[in-house]
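Here's final_21.pdb, which has PDB, C-alpha atoms and all ligand atoms:
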ATOM      1  CA  MET A   1      86.872 202.993  51.323
ATOM      2  CA  ASN A   2      88.678 204.126  48.240
ATOM      3  CA  GLU A   3      92.147 202.614  47.925
ATOM      4  CA  ALA A   4      92.503 202.860  44.184
ATOM      5  CA  SER A   5      95.417 204.817  42.763
ATOM      6  CA  ALA A   6      95.169 207.556  40.120
ATOM      7  CA  PRO A   7      92.589 207.074  37.333
ATOM      8  CA  ASP A   8      93.700 204.550  34.723
ATOM      9  CA  PRO A   9      93.664 206.067  31.202
ATOM     10  CA  GLY A  10      92.291 203.605  28.663
ATOM     11  CA  ALA A  11      90.638 201.569  31.427
ATOM     12  CA  ARG A  12      87.294 201.477  29.625
ATOM     13  CA  GLU A  13      88.802 199.714  26.586
ATOM     14  CA  ARG A  14      90.761 197.326  28.773
ATOM     15  CA  VAL A  15      87.687 196.458  30.831
ATOM     16  CA  GLU A  16      85.727 195.814  27.627
ATOM     17  CA  ARG A  17      88.433 193.506  26.210
ATOM     18  CA  ALA A  18      88.771 191.588  29.459
ATOM     19  CA  ARG A  19      84.989 191.412  29.879
ATOM     20  CA  ALA A  20      84.704 189.802  26.447
ATOM     21  CA  TRP A  21      87.398 187.198  27.276
ATOM     22  CA  ILE A  22      85.644 186.348  30.522
ATOM     23  CA  ALA A  23      82.238 186.168  28.808
ATOM     24  CA  GLU A  24      83.589 183.793  26.142
ATOM     25  CA  ALA A  25      85.595 181.557  28.474
ATOM     26  CA  ARG A  26      84.224 178.152  29.404
ATOM     27  CA  GLY A  27      86.356 178.102  32.526
ATOM     28  CA  VAL A  28      87.497 181.017  34.674
ATOM     29  CA  THR A  29      89.662 180.691  37.773
ATOM     30  CA  VAL A  30      89.633 183.632  40.141
ATOM     31  CA  LEU A  31      92.403 184.472  42.590
ATOM     32  CA  THR A  32      91.502 187.029  45.239
ATOM     33  CA  GLY A  33      93.459 188.863  47.915
ATOM     34  CA  ALA A  34      92.798 191.168  50.814
ATOM     35  CA  GLY A  35      91.925 194.083  48.481
ATOM     36  CA  ILE A  36      88.534 192.611  47.623
ATOM     37  CA  SER A  37      87.474 192.892  51.273
ATOM     38  CA  THR A  38      88.606 196.457  52.050
ATOM     39  CA  ASP A  39      85.241 197.779  50.828
ATOM     40  CA  SER A  40      83.671 195.460  53.427
ATOM     41  CA  GLY A  41      85.664 197.247  56.139
ATOM     42  CA  ILE A  42      88.533 194.759  56.541
ATOM     43  CA  PRO A  43      91.923 196.429  56.004
ATOM     44  CA  ASP A  44      94.507 194.767  53.777
ATOM     45  CA  PHE A  45      98.207 194.510  54.691
ATOM     46  CA  ARG A  46     100.072 196.367  51.951
ATOM     47  CA  GLY A  47      97.576 198.788  50.370
ATOM     48  CA  PRO A  48      97.787 202.539  51.112
ATOM     49  CA  ASN A  49      95.702 202.048  54.298
ATOM     50  CA  GLY A  50      97.032 198.559  55.001
ATOM     51  CA  LEU A  51      97.731 197.290  58.517
ATOM     52  CA  TRP A  52     101.429 196.813  57.779
ATOM     53  CA  THR A  53     101.731 200.045  55.776
ATOM     54  CA  ARG A  54     100.504 201.956  58.836
ATOM     55  CA  ASN A  55     102.172 199.803  61.500
ATOM     56  CA  PRO A  56     105.141 197.701  60.323
ATOM     57  CA  LEU A  57     105.287 196.036  63.802
ATOM     58  CA  ALA A  58     101.913 194.390  63.122
ATOM     59  CA  GLU A  59     103.768 192.060  60.740
ATOM     60  CA  LYS A  60     105.238 190.282  63.794
ATOM     61  CA  ALA A  61     101.860 188.897  64.911
ATOM     62  CA  SER A  62     101.454 187.262  61.485
ATOM     63  CA  THR A  63     104.808 185.492  61.699
ATOM     64  CA  LEU A  64     104.696 181.971  63.073
ATOM     65  CA  GLU A  65     107.971 182.117  64.961
ATOM     66  CA  HIS A  66     107.007 185.260  66.875
ATOM     67  CA  TYR A  67     103.491 184.009  67.563
ATOM     68  CA  LEU A  68     104.663 180.690  68.988
ATOM     69  CA  ASN A  69     107.595 182.043  70.990
ATOM     70  CA  ASP A  70     106.382 185.330  72.391
ATOM     71  CA  PRO A  71     103.368 185.382  74.754
ATOM     72  CA  LEU A  72     103.113 189.162  74.362
ATOM     73  CA  VAL A  73     102.738 188.815  70.588
ATOM     74  CA  ARG A  74      99.960 186.244  71.184
ATOM     75  CA  GLN A  75      98.201 188.435  73.719
ATOM     76  CA  ALA A  76      98.246 191.348  71.280
ATOM     77  CA  ALA A  77      96.957 189.047  68.519
ATOM     78  CA  TRP A  78      94.037 187.906  70.724
ATOM     79  CA  GLN A  79      93.162 191.530  71.547
ATOM     80  CA  ASN A  80      93.135 192.281  67.798
ATOM     81  CA  ARG A  81      90.916 189.255  67.138
ATOM     82  CA  LEU A  82      88.504 190.470  69.796
ATOM     83  CA  VAL A  83      87.842 193.685  67.892
ATOM     84  CA  SER A  84      88.343 192.465  64.326
ATOM     85  CA  PRO A  85      85.940 194.113  61.846
ATOM     86  CA  ALA A  86      85.808 190.771  60.008
ATOM     87  CA  TRP A  87      83.276 189.246  62.440
ATOM     88  CA  GLN A  88      80.595 191.738  61.356
ATOM     89  CA  ALA A  89      81.723 192.269  57.736
ATOM     90  CA  GLU A  90      79.337 191.689  54.844
ATOM     91  CA  PRO A  91      80.279 190.850  51.239
ATOM     92  CA  ASN A  92      80.433 193.842  48.879
ATOM     93  CA  ALA A  93      79.590 194.256  45.187
ATOM     94  CA  GLY A  94      82.971 192.729  44.195
ATOM     95  CA  HIS A  95      82.327 189.496  46.100
ATOM     96  CA  ARG A  96      78.750 189.327  44.809
ATOM     97  CA  ALA A  97      79.809 189.815  41.177
ATOM     98  CA  LEU A  98      82.052 186.739  41.302
ATOM     99  CA  VAL A  99      79.118 184.572  42.400
ATOM    100  CA  GLU A 100      77.588 185.256  38.965
ATOM    101  CA  LEU A 101      80.432 183.295  37.348
ATOM    102  CA  GLU A 102      79.561 180.273  39.454
ATOM    103  CA  ARG A 103      75.820 180.632  38.687
ATOM    104  CA  ALA A 104      76.707 180.647  34.984
ATOM    105  CA  ASP A 105      78.613 177.396  35.583
ATOM    106  CA  ARG A 106      81.859 178.900  34.291
ATOM    107  CA  LEU A 107      83.842 179.085  37.521
ATOM    108  CA  VAL A 108      86.605 176.483  37.718
ATOM    109  CA  ALA A 109      87.478 177.563  41.258
ATOM    110  CA  LEU A 110      87.684 180.631  43.412
ATOM    111  CA  VAL A 111      91.137 180.593  44.965
ATOM    112  CA  THR A 112      91.438 183.062  47.804
ATOM    113  CA  GLN A 113      94.276 184.196  50.005
ATOM    114  CA  ASN A 114      91.636 185.708  52.282
ATOM    115  CA  ILE A 115      90.706 184.220  55.604
ATOM    116  CA  ASP A 116      87.415 186.073  56.134
ATOM    117  CA  GLU A 117      84.957 183.629  54.438
ATOM    118  CA  LEU A 118      83.211 186.532  52.657
ATOM    119  CA  HIS A 119      83.156 184.599  49.369
ATOM    120  CA  GLN A 120      81.116 181.805  50.962
ATOM    121  CA  LYS A 121      78.908 184.414  52.662
ATOM    122  CA  ALA A 122      78.324 186.036  49.238
ATOM    123  CA  GLY A 123      76.850 182.751  47.993
ATOM    124  CA  HIS A 124      79.644 180.568  46.606
ATOM    125  CA  ASP A 125      79.420 176.838  47.095
ATOM    126  CA  PRO A 126      82.154 176.206  49.723
ATOM    127  CA  ALA A 127      83.375 173.358  47.499
ATOM    128  CA  LYS A 128      84.319 175.942  44.842
ATOM    129  CA  VAL A 129      86.355 178.080  47.263
ATOM    130  CA  ILE A 130      89.996 177.117  47.802
ATOM    131  CA  GLU A 131      91.276 178.929  50.901
ATOM    132  CA  VAL A 132      95.047 178.699  50.441
ATOM    133  CA  HIS A 133      95.716 180.583  53.688
ATOM    134  CA  GLY A 134      92.974 178.980  55.795
ATOM    135  CA  THR A 135      90.175 180.631  57.755
ATOM    136  CA  MET A 136      90.056 182.918  60.774
ATOM    137  CA  TRP A 137      86.653 181.491  61.739
ATOM    138  CA  TRP A 138      88.287 178.408  63.272
ATOM    139  CA  SER A 139      91.012 177.934  65.868
ATOM    140  CA  ARG A 140      93.631 175.193  65.748
ATOM    141  CA  CYS A 141      95.809 173.765  68.523
ATOM    142  CA  TRP A 142      99.468 173.906  67.534
ATOM    143  CA  SER A 143     100.159 170.692  69.544
ATOM    144  CA  CYS A 144      97.231 168.274  69.110
ATOM    145  CA  ARG A 145      95.630 169.910  65.983
ATOM    146  CA  ASP A 146      92.204 170.124  67.708
ATOM    147  CA  ARG A 147      90.023 172.435  65.588
ATOM    148  CA  ARG A 148      86.968 174.301  66.834
ATOM    149  CA  PRO A 149      85.015 177.493  66.104
ATOM    150  CA  MET A 150      87.095 180.590  66.800
ATOM    151  CA  HIS A 151      84.288 182.315  68.683
ATOM    152  CA  GLU A 152      84.783 179.856  71.579
ATOM    153  CA  ALA A 153      88.391 180.988  72.116
ATOM    154  CA  VAL A 154      87.520 184.652  71.533
ATOM    155  CA  GLU A 155      84.834 184.352  74.226
ATOM    156  CA  ARG A 156      87.470 183.044  76.660
ATOM    157  CA  VAL A 157      89.590 186.131  75.899
ATOM    158  CA  ARG A 158      86.545 188.340  76.483
ATOM    159  CA  GLN A 159      86.098 186.598  79.868
ATOM    160  CA  GLY A 160      89.669 187.534  80.859
ATOM    161  CA  ASP A 161      92.053 184.803  79.598
ATOM    162  CA  PRO A 162      94.770 186.818  77.779
ATOM    163  CA  ASP A 163      96.274 183.814  75.944
ATOM    164  CA  PRO A 164      93.851 180.859  75.813
ATOM    165  CA  HIS A 165      95.397 177.415  75.382
ATOM    166  CA  CYS A 166      93.866 174.235  73.973
ATOM    167  CA  LEU A 167      90.983 172.711  75.933
ATOM    168  CA  ALA A 168      91.475 169.277  74.322
ATOM    169  CA  CYS A 169      95.124 168.660  75.297
ATOM    170  CA  ALA A 170      95.267 171.378  77.988
ATOM    171  CA  GLU A 171      98.635 172.749  76.920
ATOM    172  CA  GLY A 172      98.868 173.525  73.209
ATOM    173  CA  ILE A 173      99.091 177.074  71.905
ATOM    174  CA  LEU A 174      95.960 178.134  70.043
ATOM    175  CA  LYS A 175      96.087 180.118  66.829
ATOM    176  CA  SER A 176      93.619 180.814  64.098
ATOM    177  CA  ASP A 177      93.435 178.043  61.507
ATOM    178  CA  THR A 178      95.307 180.214  59.041
ATOM    179  CA  ILE A 179      98.704 180.027  57.436
ATOM    180  CA  SER A 180     101.073 182.452  59.154
ATOM    181  CA  PHE A 181     104.196 183.752  57.479
ATOM    182  CA  GLY A 182     106.862 181.089  57.979
ATOM    183  CA  GLN A 183     104.264 178.297  58.039
ATOM    184  CA  ALA A 184     103.963 175.719  55.269
ATOM    185  CA  LEU A 185     100.773 175.630  53.228
ATOM    186  CA  VAL A 186      98.596 172.521  53.247
ATOM    187  CA  PRO A 187     100.015 170.582  50.245
ATOM    188  CA  GLU A 188      96.643 169.311  48.922
ATOM    189  CA  VAL A 189      95.150 172.805  49.095
ATOM    190  CA  ILE A 190      97.882 174.628  47.168
ATOM    191  CA  GLU A 191      98.001 171.714  44.712
ATOM    192  CA  ALA A 192      94.246 172.081  44.060
ATOM    193  CA  ALA A 193      94.777 175.810  43.487
ATOM    194  CA  LEU A 194      97.594 175.227  40.993
ATOM    195  CA  LEU A 195      95.487 172.634  39.149
ATOM    196  CA  ALA A 196      92.635 175.154  38.913
ATOM    197  CA  ALA A 197      95.144 177.624  37.453
ATOM    198  CA  GLU A 198      96.090 175.119  34.766
ATOM    199  CA  ALA A 199      92.471 174.220  33.971
ATOM    200  CA  CYS A 200      91.137 177.688  33.131
ATOM    201  CA  GLU A 201      90.933 179.772  29.968
ATOM    202  CA  VAL A 202      91.040 183.030  31.918
ATOM    203  CA  LEU A 203      92.708 183.691  35.249
ATOM    204  CA  LEU A 204      91.243 186.737  36.975
ATOM    205  CA  ALA A 205      93.461 187.976  39.826
ATOM    206  CA  ALA A 206      91.755 190.630  41.950
ATOM    207  CA  GLY A 207      92.824 192.640  44.997
ATOM    208  CA  SER A 208      96.196 191.120  45.675
ATOM    209  CA  SER A 209      99.690 192.569  45.631
ATOM    210  CA  LEU A 210     100.631 189.081  44.317
ATOM    211  CA  SER A 211     103.695 189.165  46.521
ATOM    212  CA  VAL A 212     102.929 186.239  48.852
ATOM    213  CA  PHE A 213     104.308 182.890  47.702
ATOM    214  CA  PRO A 214     103.516 180.208  46.759
ATOM    215  CA  ALA A 215      99.985 181.623  46.190
ATOM    216  CA  ALA A 216     101.279 184.198  43.685
ATOM    217  CA  ASN A 217     102.709 181.373  41.567
ATOM    218  CA  ILE A 218      99.150 180.697  40.437
ATOM    219  CA  VAL A 219      99.542 183.595  37.976
ATOM    220  CA  PRO A 220     102.606 182.320  36.022
ATOM    221  CA  ARG A 221     101.231 178.771  36.282
ATOM    222  CA  ALA A 222      97.988 179.797  34.539
ATOM    223  CA  LYS A 223      99.891 181.799  31.946
ATOM    224  CA  ALA A 224     102.241 178.887  31.173
ATOM    225  CA  ALA A 225      99.224 176.609  30.701
ATOM    226  CA  GLY A 226      97.835 178.976  28.044
ATOM    227  CA  ALA A 227      95.289 181.026  30.018
ATOM    228  CA  ARG A 228      94.708 184.712  29.507
ATOM    229  CA  VAL A 229      95.632 186.616  32.642
ATOM    230  CA  VAL A 230      93.580 189.594  33.809
ATOM    231  CA  ILE A 231      94.891 191.461  36.858
ATOM    232  CA  VAL A 232      92.623 193.973  38.590
ATOM    233  CA  ASN A 233      93.985 195.929  41.514
ATOM    234  CA  GLY A 234      94.294 199.373  43.066
ATOM    235  CA  GLN A 235      98.016 199.527  42.354
ATOM    236  CA  SER A 236     100.680 197.631  40.454
ATOM    237  CA  THR A 237     101.455 194.050  41.520
ATOM    238  CA  LYS A 238     104.510 191.807  41.452
ATOM    239  CA  MET A 239     102.967 189.813  38.582
ATOM    240  CA  ASP A 240     102.027 192.612  36.185
ATOM    241  CA  ARG A 241     104.432 191.264  33.542
ATOM    242  CA  TYR A 242     102.194 188.205  33.090
ATOM    243  CA  ALA A 243      99.005 190.219  32.561
ATOM    244  CA  ASP A 244      97.258 190.234  29.189
ATOM    245  CA  GLU A 245      95.184 193.032  30.681
ATOM    246  CA  LEU A 246      96.110 195.027  33.769
ATOM    247  CA  ILE A 247      93.278 197.187  35.072
ATOM    248  CA  LEU A 248      93.799 199.646  37.916
ATOM    249  CA  GLY A 249      90.828 200.817  39.957
ATOM    250  CA  GLU A 250      88.197 200.015  42.556
ATOM    251  CA  LEU A 251      87.231 196.361  42.690
ATOM    252  CA  SER A 252      83.653 196.881  43.801
ATOM    253  CA  GLU A 253      83.118 198.876  40.594
ATOM    254  CA  LEU A 254      85.350 196.899  38.222
ATOM    255  CA  LEU A 255      84.341 193.326  39.083
ATOM    256  CA  PRO A 256      80.610 193.809  38.360
ATOM    257  CA  ALA A 257      81.618 195.354  34.999
ATOM    258  CA  LEU A 258      84.031 192.528  34.203
ATOM    259  CA  VAL A 259      81.707 189.608  34.843
ATOM    260  CA  SER A 260      78.540 191.072  33.292
ATOM    261  CA  SER A 261      77.737 189.188  30.100
TER     262      SER A 261
HETATM  263  P1  LIG A 301      97.984 192.742  50.165
HETATM  264  O1  LIG A 301      97.622 193.544  51.386
HETATM  265  O2  LIG A 301      99.405 192.398  49.969
HETATM  266  O3  LIG A 301      97.503 193.508  48.855
HETATM  267  C1  LIG A 301      96.198 193.994  48.710
HETATM  268  C2  LIG A 301      96.129 194.766  47.399
HETATM  269  O4  LIG A 301      94.783 195.148  47.192
HETATM  270  C3  LIG A 301      96.971 196.033  47.398
HETATM  271  O5  LIG A 301      97.811 196.020  46.266
HETATM  272  C4  LIG A 301      95.936 197.176  47.340
HETATM  273  O6  LIG A 301      96.357 198.233  46.534
HETATM  274  C5  LIG A 301      94.738 196.485  46.724
HETATM  275  N1  LIG A 301      93.440 197.059  47.143
HETATM  276  C6  LIG A 301      93.024 197.296  48.408
HETATM  277  N2  LIG A 301      91.753 197.740  48.397
HETATM  278  C7  LIG A 301      91.362 197.781  47.090
HETATM  279  C8  LIG A 301      90.157 198.169  46.440
HETATM  280  N3  LIG A 301      89.087 198.580  47.124
HETATM  281  N4  LIG A 301      90.113 198.077  45.071
HETATM  282  C9  LIG A 301      91.209 197.662  44.371
HETATM  283  N5  LIG A 301      92.368 197.285  44.937
HETATM  284  C10 LIG A 301      92.444 197.344  46.284
HETATM  285  O7  LIG A 301      97.046 191.470  50.193
HETATM  286  P2  LIG A 301      97.329 189.990  49.656
HETATM  287  O8  LIG A 301      98.017 190.043  48.351
HETATM  288  O9  LIG A 301      96.033 189.280  49.777
HETATM  289  O10 LIG A 301      98.366 189.379  50.721
HETATM  290  C11 LIG A 301      98.175 189.581  52.100
HETATM  291  C12 LIG A 301      97.983 188.335  52.943
HETATM  292  O11 LIG A 301      97.238 188.782  54.068
HETATM  293  C13 LIG A 301      97.161 187.270  52.334
HETATM  294  O12 LIG A 301      97.828 186.101  52.578
HETATM  295  C14 LIG A 301      95.855 187.231  53.128
HETATM  296  O13 LIG A 301      95.665 185.935  53.649
HETATM  297  C15 LIG A 301      96.081 188.067  54.336
HETATM  298  N6  LIG A 301      94.991 189.023  54.645
HETATM  299  C16 LIG A 301      93.695 188.657  54.491
HETATM  300  C17 LIG A 301      92.685 189.562  54.779
HETATM  301  C18 LIG A 301      91.256 189.095  54.601
HETATM  302  O14 LIG A 301      90.981 187.907  54.725
HETATM  303  N7  LIG A 301      90.333 190.004  54.275
HETATM  304  C19 LIG A 301      92.992 190.851  55.196
HETATM  305  C20 LIG A 301      94.346 191.200  55.357
HETATM  306  C21 LIG A 301      95.337 190.284  55.064
END
Show this structure as structure tokens.
Amino acid sequence: MNEASAPDPGARERVERARAWIAEARGVTVLTGAGISTDSGIPDFRGPNGLWTRNPLAEKASTLEHYLNDPLVRQAAWQNRLVSPAWQAEPNAGHRALVELERADRLVALVTQNIDELHQKAGHDPAKVIEVHGTMWWSRCWSCRDRRPMHEAVERVRQGDPDPHCLACAEGILKSDTISFGQALVPEVIEAALLAAEACEVLLAAGSSLSVFPAANIVPRAKAAGARVVIVNGQSTKMDRYADELILGELSELLPALVSS
């Protein structure tokens, strides 16, 4: 899938400058968004082929209030989970390139807004991955907080239950163990992400519109702590003003070039 915008004049020089910063840095923190997984077949929300760009109503299913209060929104969300491309998706060259930073012992943390676990599947130590928006691979009961593998609930949907409820407390609404819009982040998790932003020499933000808060605050936080900020994306982001280098293009081509030493 090619979601990149028009060719970026001067990109070669910018890639080379950013590559050198990354190669020299003792600590790099990476922040990824849905754009890194589009080449693995998982659509983003706001890119040119994004779920919300094509169907603004899809935003409802990602909003906590609608999900909890409207059984039809939940039923539609379960049907979408049933056929999600994420269950079969494999990491792409962009995910794999970032693993090299960890192998070189220069990755402070990989902070991701993604919920697909493709970074872990690519080979990252799960302890290095900070999932600020949770994971779709687990379900969580909204009442008793019971957490279990998502495939169990998805199987119940496949067997005909349109809106499975919690098996532990028998009444709670089940949702994926992700942070919906309107839902607070887990304080320790976002705190760990902000600390990783302050501890790096280079912050590499890849594949995010950087428009979802508080995750996007990682960029100004890193900049204020003295890090160089490199933003790589298919189109402009809400945080471009903080970038020391802004590189537009395809992540599965750019990330291998940026982390090669
Ligand atoms: P976003 O949809 O707001 O932005 C994605 C950005 O990536 C866009 O600016 C787009 O131009 C860019 N992009 C897409 N494909 C690209 C490619 N191949 N190369 C370069 N750039 C590319 O995503 P976001 O900022 O992560 O915010 C959306 C929220 O939705 C996040 O909280 C995330 O949890 C969630 N989400 C996650 C997944 C996933 O886990 N894979 C998928 C969709 C949405």
Box for ligand LIG 301 (chain A) - axis-aligned, 4 Å on each of the six sides, all listed atoms - centre and size in Å to one decimal, as AutoDock Vina command-line options.
--center_x 94.2 --center_y 192.3 --center_z 49.9 --size_x 18.3 --size_y 20.6 --size_z 19.0
Straight-line distance linking atom O3 of ligand LIG 301 (chain A) with CA of Ile42 in chain A, stated in Å to one decimal: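 Answer for the atom O3 of ligand LIG 301 (chain A) to CA of Ile42 in chain A separation: 11.9 Å.
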Specify as a PyMOL selection string each residue included when the PyMOL selection byres (((not hetatm)) within 6 of (chain A and resi 301)) is applied to this file. chain A and resi 2-4+33-39+42-47+113-116+133+207-210+212+233-235+249-251
Once the PyMOL selection byres (((chain A and resi 186-189) around 12) and not hetatm) has been evaluated on this model, what residues remain selected, and can you format them as an MDAnalysis selection string? chainID A and resid 109 111:113 127 129:134 177:180 183:185 190:196 214:215
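Excluding Cys141 in chain A itself and same-chain residues fewer than 4 positions from it, the residues having an atom within 6 Å of it are Arg145, Asp146, Cys166, Gly172, Ile173 and Leu174 of chain A, counting all atoms listed in the file.
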Quick one: pull the distance between CA of His165 in chain A and CA of Glu117 in chain A, Å, one decimal.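 CA of Glu117 in chain A lies 24.2 Å from CA of His165 in chain A.
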Would you work out the distance separating CA of Glu155 in chain A from CA of Leu51 in chain A, expressed in Å to one decimal?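 Going from CA of Glu155 in chain A over to CA of Leu51 in chain A, I get 24.1 Å.
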Which one is closest to Lys60 in chain A: A:His151, A:Val230, A:Thr135, A:Gly182? Count all atoms listed in the file.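 Of all the options, A:Gly182 lies closest to Lys60 in chain A.
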Nearby residues (only C-alpha atoms) at most 10 Å from Trp21 in chain A, same-chain spacing under 4 positions excluded, as a list of chain:residue names: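 So, after excluding close chain neighbours, the residues are A:Val15, A:Glu16, A:Arg17, A:Ala25, A:Arg26, A:Val28, A:Glu201, A:Val202, A:Arg228, A:Val229, A:Val230, A:Leu258, A:Val259.
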List the spatial neighbours of Ile231 in chain A as JSON, numbers by chain - criterion: any atom at most 9 Å away, only C-alpha atoms, same-chain residues fewer than 3 positions off excluded. {"A": [203, 204, 205, 206, 207, 208, 237, 239, 240, 242, 243, 244, 245, 246, 247, 248]}
For this file, the PyMOL selection byres (((chain A and resi 59) around 12) and not hetatm) selects which residues, as a PyMOL selection string? chain A and resi 44-46+50-58+60-67+73+76-77+180-182
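Closest to Thr32 in chain A among A:Arg103, A:His95, A:Arg221, A:Lys238 is A:His95, based on all atoms listed in the file.
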Using all atoms listed in the file, can you tell me which of A:Leu118, A:Leu255, A:Val219, A:Leu82 comes closest to Gly160 in chain A?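 Among the listed residues, the smallest separation from Gly160 in chain A belongs to A:Leu82.
Closest approach to Pro91 in chain A among A:Gln120, A:Cys169, A:Val30, A:Asn49 is made by A:Gln120 (distances from all atoms listed in the file).
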Under the rule that only C-alpha atoms are counted, which of A:Leu110, A:Leu72, A:Ala257, A:Leu98 is the nearest residue to Leu31 in chain A?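 So, comparing all the options, the nearest one is A:Leu110.
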Counting only C-alpha atoms, the option among A:Arg147, A:Arg74, A:Arg12, A:Lys121 closest to Pro164 in chain A: A:Arg74
Anything within 7 Å of (84.4, 176.8, 37.7): list those residues as a list in words, counting all atoms listed in the file and sticking to the file's coordinates.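 Checking each residue against the 7 Å limit leaves Gly27, Val28, Thr29, Glu102, Asp105, Arg106, Leu107, Val108 and Ala109 of chain A.
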